[in-house]
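Working notes for the structure below.
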Amino acid sequence: MDGIVSDVTVGVKRGSDELMSSSLYNSPTSGLTGIVTANGNDSKKLRVEDRMDCPPSRVIHIRKLPNEVSETEVIALGLPFGKVTNILTLKGKNQAFLELGTEEAAMTMVNYYTAVTPHVRNVPVFIQYSNHKELKTDNAGNQRAQAVLQAVSAVQAGGAATPAAASSENALTPAPSPVLRIIIDNMFYPVTLDVLQQIFSKFGTVMKIITFTKNNQFQALLQFSDPVNAQQAKLALDGQNIYNACCTLRIDFSKLVNLNVKYNNDKSRDYTRPELPAGDGQPAVDSSVAATFNKDSSSLLGRRRALRSFLAVTGALSPLSAAAAAAVAAGRVALSGHSSTNGVLLVSNLNEEMVTPQSLFTLFGVYGDAQRVKILYNKKDSALIQMADGNQAQLAMSHLNGQKMYGKIIRVTLSKHQMVQLPREGLDDQGLTKDFTNSPLHRFKKPGSKNFQNIFPPSATLHLSNIPQDVTEDDLRVLFSNSGGTVKAFKFFQDRKMALLQMSTVEEAIQALIDLHNYNMGDNHHLRVSFSKSTI
């Protein structure tokens with residue numbers, strides 16, 4: 001959409017393999033003929049632009065990219081900040097241009113990456129404003145990049161990928177089958193039938209799924225209603241990770257054109273026939289399927305590749321993946337390859353004069369359901385936080401490591417502990433340990449909650465909801481100013497039940513969220529506060 005036994009460093013641990021095959025890349029000169037330059041001089045297009053000299057522009061110039069970077073990786077750098085409307089990659093020069101939907105989104109992106117150096121494949125890259133005000137590419141020479149952009153944008157918007165993303169004659173060959181063969185590499189977290197349905201349904205109607213284990217790998221056959229949808233899903237998802245740094249999707253077309261599902265259970269499902277029996281929990285794969293799969297799978301078996309921590313398609317993958325993608329794109333994730341599903345975090349360099357279990361619960365609760373919090377008795381600048389699962393712990397670590405809380409830059413790593421122990425009964429630990437297991441303030445306990453789609457990196461802009469009708473802009477400005485910061489901008493949504501409020505700094509926004517999330521506005525209206533990707 002974020003173990004590590006030492007401090008997390010800025011960067012992303014990536015494998016050496018490509019996210020997409022070399023056939024997807026533009027040539028060093030593809031698409032160059034249509035760039036609109038600020039001064040009309042094509043010879044100066046590739047000049048290294050000085051970030052300080054160039055005024056803000058919605059076109060971003062990216063330099064020092066790795067040699068084999070894919071369009072999807074470049075697009076992911078901009079996804080956390082808004083809609084990406086165009087891309088041009090200059091492979092021979094290790095550069096790219098990325099056009100965002102608004103100048104405000106571009107400013108947010110540049111400001112963020114000025115403070116946090118972005119990494120692509122563990123290589124630091126440089127981001128600055130371009131002197132181009134608009135990016136116009138020659139579609140005839142830039143078809144692959146445009147197809148990837150359209151597929152990713154469609155998923156980001158929460159809809160199915162458009163046929164245009166797959167219609168280019170040179171970009172894609174006709175889909176041979178509506179059935180995809182899926183292999184999961186580096187499967188450190190469970191992948192269920194429901195997870196696959198959630199991921200692939202973004203691209204069209206999923207009719208049937210059969211899952212099973214072959215050669216110690218989790219595999220699946222998934223049938224769309226239309227081969228075009230299968231083609232779009234393969235284009236956008238092949239090589240991506242379901243969870244941060246693991247569960248890599250390897251997708252190919254099956255030679256089958258129809259799946260025969262006999263049971264609806266946790267191993268197989270026919271969504272067109274809900275009346276099917278549950279059977280014995282085993283998938284019903286008939287002999288023709290097994291024979292075909294044996295032939296099909298030889299090309300992918302043995303292609304187990306190095307661990308990667310890139311998740312490119314925002315919103316298409318696990319419920320928490322939108323934020324994971326933002327963390328990866330912002331260069332905040334650094335994974336050592338540890339495969340534990342441990343959900344306990346160690347947070348250090350805390351302000352021991354200010355920090356409480358409640359404040360840590362509120363902040364870390366933005367990225368998962370914190371179950372228990374313990375500030376260490378003999379080292380009160382450190383705390384253990386037990387999240388609901390390892391994925392939530394990874395997500396919280398990705399976003400909060402290196403952030404400022406109560407004036408100190410906190411460090412977040414995975415703990416060696418498997419759980420946070422409560423104090424023995426009758427033992428007074430001075431309120432340093434608190435059990436939040438049954439807290440009504442958990443954001444993610446309800447399956448399908450919209451909160452899953454609204455997780456973003458800490459930002460100066462906060463999203464407010466559950467605002468009473470009689471509360472005014474001035475009321476909210478005063479309330480948030482009293483948290484110790486300065487309110488720079490404010491905007492009500494049309495129904496006035498929600499609003500955006502911008503503080504001066506990310507640190508001030510973090511403080512305001514800790515202080516005012518669940519604040520009682522009267523008449524049992526408890527204010528809901530979260531980070532926003534928008535700007536005002």
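Letters A, B, ... go to the chains of the structure tokens in the order shown; residues in each chain start at 1; ligands are counted from 1 in the same order.
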(message) For Ile536 in chain A, find every residue with an atom within 12 Å (counting only C-alpha atoms), except residues of its own chain fewer than 3 positions away, and show them as an MDAnalysis selection string.
(response) chainID A and resid 102:105 107:108 460:463 487:493 499:503 532:533
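Excluding Thr356 in chain A and any residue on its chain fewer than 5 positions from it, the residues at most 12 Å away by only C-alpha atoms are Leu350, Asn351, Phe361, Thr362, Leu363, Val373, Lys374, Ile375, Leu376, Lys380, Asp381, Ser382, Ala383, Leu384, Ile385, Met405, Tyr406, Gln430, Gly431, Leu432, Thr433, Lys434, Ile514 and Asp515 of chain A.
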(message) Using only C-alpha atoms for the distances, tell me which of A:Val412, A:Val110, A:Ala76, A:Val366 is nearest to Cys54 in chain A.
(response)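 Looking at the shortest contact to Cys54 in chain A, the residue is A:Val110.
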(message) Can you tell me which residues surround Tyr263 in chain A at a distance of at most 6 Å, considering only C-alpha atoms, apart from same-chain residues fewer than 4 positions away, and format the answer as a VMD selection string?
(response) chain A and resid 276 to 279
(request) Rank nothing, just name the residue among A:Val478, A:Lys255, A:His517, A:Asn524 nearest to Arg181 in chain A, using only C-alpha atoms. (result)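 Closest to Arg181 in chain A, using only C-alpha atoms: A:Lys255.
Within 7 Å of range 256-262 of chain A, once only C-alpha atoms are used and residues closer than 3 positions along the same chain are dropped, the contacting residues are A:Ser177, A:Pro178, A:Val179, A:Lys208, A:Gln223, A:Ser268, A:Arg269, A:Asp270, A:Leu276, A:Ala284.
Here the strand (DSSP E or B) residues in range 323-461 of chain A, by DSSP on the backbone, are Val344, Leu345, Leu346, Val347, Ser348, Ala370, Gln371, Arg372, Val373, Lys374, Ile375, Ala383, Leu384, Ile385, Gln386, Met387, Lys404, Met405, Lys408, Ile409, Arg411, Val412, Thr413, Leu414, Thr433, Lys434, Asp435 and Thr461 of chain A.
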(request) Check the smallest atom-to-atom distance from each of A:Gln358, A:Lys379, A:Phe188, A:Leu222 to Asn241 in chain A using only C-alpha atoms, then report the winner. (result) A:Phe188
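Candidate residues A:Arg477, A:Lys202, A:His417, A:Arg528 were compared for distance to Met498 in chain A, and the nearest is A:Arg528, using only C-alpha atoms.
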(message) With distances taken over only C-alpha atoms, which residue among A:Gln403, A:Ser459, A:Gln469, A:Asn215 lies nearest Asp185 in chain A?
(response) A:Asn215
(request) Give me, please, the distance in Å between CA of Asn216 in chain A and CA of Asn186 in chain A, quoted to one decimal. (result) 11.2 Å
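Closest approach to Ile510 in chain A among A:Gln197, A:Gly390, A:Ala396, A:Ser359 is made by A:Ser359 (distances from only C-alpha atoms).
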(message) Quick check, in Å to one decimal: how far apart do CA of Ala393 in chain A and CA of Val344 in chain A lie?
(response)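 Rounded to one decimal, the two atoms are 6.7 Å apart.
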